[in-house]
Amino acid sequence: MIIVKQVVQVRLLPTPEQASALADTLRACNEAASWLSDQMHRDRVWHRVDTQKRWYRELRDRFGLSAQPTIRVIAKVTDAYATLRGNLRAGNYGPSGSERRRRVESKLVVFRPDAAQPFDARCLSWQPPELGREGTVSIWTVAGRMKNLRILGNPAHLTLLKGRTIGETDLVHRDGQWLLHAVIDAPDVPVREPAGFLGVDLGIVNIATTSDGHRASGSRLNRYRKRQHRIRKRLQAKKTSSARRLLMRRRRKEARFAADVNHQISKSIVAEAQRTGRGIAVEDLTGIHARVRLRKPQRATLHTWAFAQLGQYLSYKAERAGVAFVRVDPAYTSQTCHVCGHVDRKNRRCQASFMCGQCGFVGHADHNAALNIAARGVERWGEVMRPDAAPTLAASQGGSSNPNGRSRTRGTGNKPVPSARVHDIHRVAGTQPPR
Ligand SMILES: [Zn+2]
């Protein structure tokens with residue numbers, strides 16, 4: 001079973017005095033990290049154990065760190081170099097000897113004075129809120145152990161902190177706010193055998209359309225983005241450092257806004273699937289750029305990461321709720337008629353409407369796509385659960401029917417046609433149609 005990790009964000013409400021101790025702590029840890037990075041780089045020492053043997057004592061004494069924070073600093077720096085060197089080995093900075101690669105190879109890793117710092121359970125303990133008592137944390141600082149530091153957070157998230165293993169927690173200082181990002185293990189929920197699948201089509205005009213016909217419009221988000229885009233243009237023209245800071249803040253704010261929208265959408269979709277005992281199917285979004293053909297101004301509003309994020313949110317929320325989740329082949333979902341399986345680019349008349357050239361079905365284009373995705377979800381689930389029963393290419397090439405009794409045309413040289421239709425969903429799952 002997969003262990004799902006979840007990050008809980010909590011805001012700290014330090015007094016001015018506490019805030020300055022936190023700032024001193026981050027600064028000391030990051031100065032220590034940059035100093036250590038310099039030593040490692042100079043002596044060409046990269047491994048954690050060697051680094052620890054060599055500089056642990058000096059790190060503690062120089063920067064006034066206690067034992068655990070020192071270990072965390074060493075881990076932070078050795079991890080940074082391990083990532084860098086891993087990327088070099090993988091050739092992500094070009095072939096050996098290339099200018100770019102040489103530059104990266106000689107690069108010294110430097111830490112911002114307020115870069116995030118990880119804390120573990122020995123340096124940070126939680127007292128989640130109880131009835132009539134605020135939640136607090138106690139955290140190690142360079143000014144000593146700081147107790148009763150008030151925390152603020154989504155009540156549902158704070159509840160998660162109770163009785164759960166809390167892993168590493170990052171202390172983050174961002175836009176004048178103090179935050180803790182705690183990694184926790186989400187409880188294992190067994191996945192229920194789905195009675196059919198809820199297909200979800202992701203798009204720009206409609207962020208998400210389900211096979212039930214529910215649409216989450218992207219107009220609010222797109223309007224917001226356009227406005228942000230205009231403001232960004234103005235700021236970019238300025239080129240001052242304060243404009244740059246403001247730009248960064250804007251960008252993060254926009255990302256938070258989009259994340260918030262994605263949270264709401266994924267939450268309602270997972271709730272609907274759970275209520276009706278179905279699984280969730282979405283398109284496998286790798287290569288979305290190839291699929292989305294749009295005019296240029298519209299393309300500017302497309303943020304691949306926002307799609308990927310919605311997919312991730314759906315995936316982990318589904319997992320947490322014990323709802324089956326599959327990603328399906330996205331090919332031709334928007335050009336295929338979900339009723340008769342006819343594939344034609346002309347089927348999709350415009351952004352919004354679908355009209356089948358063969359059987360005459362007329363409907364909303366995204367809804368039609370979502371129905372195709374739902375059908376593919378059923379097929380994919382069958383493959384996931386019974387790999388041995390999955391239709392093989394050889395079987396379909398030989399013209400014989402596959403074990404599910406449906407014909408497959410993929411791989412025969414014809415245009416790809418989804419082999420499952422919507423009414424197959426319930427038959428495959430062997431249950432009544434959900435209401
Ligand atoms: Zn049709």
# chains A, B, ... in the order shown; residues from 1 in each chain; ligands from 1
>>> residues_near_ligand(ligand="ligand 1", cutoff="9 Å", atoms="only C-alpha atoms and all ligand atoms", output="number ranges by chain")
A: 336-343, 347, 355-362
>>> select_by_dssp(residues="region 140-367 of chain A", states="helix (DSSP H, G or I)", output="NGL selection string")
:A and (155-160 or 219-238 or 241-275 or 288-291 or 296-299 or 304-321 or 345-347 or 365-367)
>>> residues_around(residues="region 191-193 of chain A", least_positions_apart="5", cutoff="9 Å", atoms="only C-alpha atoms", output="list of chain:residue names")
A:Gly277, A:Arg278, A:Gly279, A:Ala318, A:Glu319, A:Arg320, A:Ala321, A:Gly322, A:Val323, A:Ala324, A:Ala429
>>> residues_around(residues="region 149-159 of chain A", least_positions_apart="4", cutoff="12 Å", atoms="only C-alpha atoms", output="CSV table (one decimal) with C-alpha atoms, in the first residue's frame")
chain,number,residue,atom,x,y,z
A,6,GLN,CA,0.6,15.3,3.1
A,7,VAL,CA,1.9,18.8,3.8
A,8,VAL,CA,0.1,20.8,6.4
A,9,GLN,CA,0.7,24.6,6.4
A,10,VAL,CA,0.4,26.4,9.7
A,11,ARG,CA,0.9,30.1,10.3
A,12,LEU,CA,2.9,31.2,13.3
A,13,LEU,CA,1.9,34.3,15.3
A,14,PRO,CA,5.1,35.3,17.0
A,15,THR,CA,5.4,38.3,19.3
A,16,PRO,CA,7.9,40.8,18.0
A,17,GLU,CA,10.5,39.4,20.3
A,18,GLN,CA,9.8,35.8,19.2
A,19,ALA,CA,9.8,36.9,15.5
A,21,ALA,CA,14.5,35.1,17.6
A,22,LEU,CA,13.1,33.2,14.6
A,124,LEU,CA,10.0,21.3,17.3
A,125,SER,CA,7.0,20.0,19.2
A,126,TRP,CA,3.4,20.6,18.6
A,127,GLN,CA,0.5,21.3,20.9
A,128,PRO,CA,-2.5,21.3,18.6
A,129,PRO,CA,-5.5,23.4,19.8
A,130,GLU,CA,-7.9,21.8,22.3
A,131,LEU,CA,-11.3,23.1,23.3
A,133,ARG,CA,-7.0,26.5,24.3
A,134,GLU,CA,-5.1,27.8,21.3
A,135,GLY,CA,-2.6,25.7,19.5
A,136,THR,CA,1.1,26.4,20.1
A,137,VAL,CA,4.5,25.1,19.1
A,138,SER,CA,7.7,25.0,21.0
A,139,ILE,CA,10.8,25.4,18.8
A,140,TRP,CA,14.5,25.6,19.2
A,141,THR,CA,16.1,29.0,18.4
A,145,ARG,CA,14.0,27.0,23.4
A,163,GLY,CA,-2.1,11.6,16.9
A,164,ARG,CA,-0.2,11.5,13.6
A,166,ILE,CA,4.8,14.5,12.0
A,177,GLN,CA,4.8,35.8,7.4
A,178,TRP,CA,6.1,33.0,9.4
A,179,LEU,CA,5.0,29.6,8.4
A,180,LEU,CA,5.5,26.0,9.2
A,181,HIS,CA,5.2,23.3,6.5
A,182,ALA,CA,4.8,20.0,8.3
A,183,VAL,CA,5.0,16.7,6.5
A,184,ILE,CA,2.6,14.1,7.9
A,186,ALA,CA,-1.9,10.4,5.8
>>> closest_atom_pairs(of="region 174-207 of chain A", to="region 258-272 of chain A", cutoff="10 Å", atoms="only C-alpha atoms", output="JSON lines")
{"residue": "A:Leu198", "atom": "CA", "partner": "A:Ile269", "partner_atom": "CA", "distance": 8.5}
{"residue": "A:Gly199", "atom": "CA", "partner": "A:Ile269", "partner_atom": "CA", "distance": 9.8}
{"residue": "A:Val200", "atom": "CA", "partner": "A:Ile269", "partner_atom": "CA", "distance": 8.5}
{"residue": "A:Ile207", "atom": "CA", "partner": "A:Ile265", "partner_atom": "CA", "distance": 8.6}
>>> select_by_dssp(residues="region 351-381 of chain A", states="strand (DSSP E)", output="ChimeraX atom specification")
/A:353-355,362-364
>>> write_last_selection(atoms="C-alpha atoms", output="compact mmCIF listing (two decimals), in the first residue's frame")
# COMPACT_ATOMS: atom_id res chain seq x y z
CA SER A 353 -20.10 22.06 -29.11
CA PHE A 354 -19.77 18.53 -30.37
CA MET A 355 -21.74 17.05 -33.24
CA VAL A 362 -25.09 16.63 -30.36
CA GLY A 363 -23.74 17.81 -27.01
CA HIS A 364 -21.31 19.88 -25.07
>>> atom_distance(atom1="CA of Glu168 (chain A)", atom2="CA of Asp120 (chain A)")
4.9 Å
>>> closest_residue(among="A:Arg57, A:Ala370, A:Val49, A:Leu171", to="Leu202 (chain A)", atoms="only C-alpha atoms")
A:Ala370
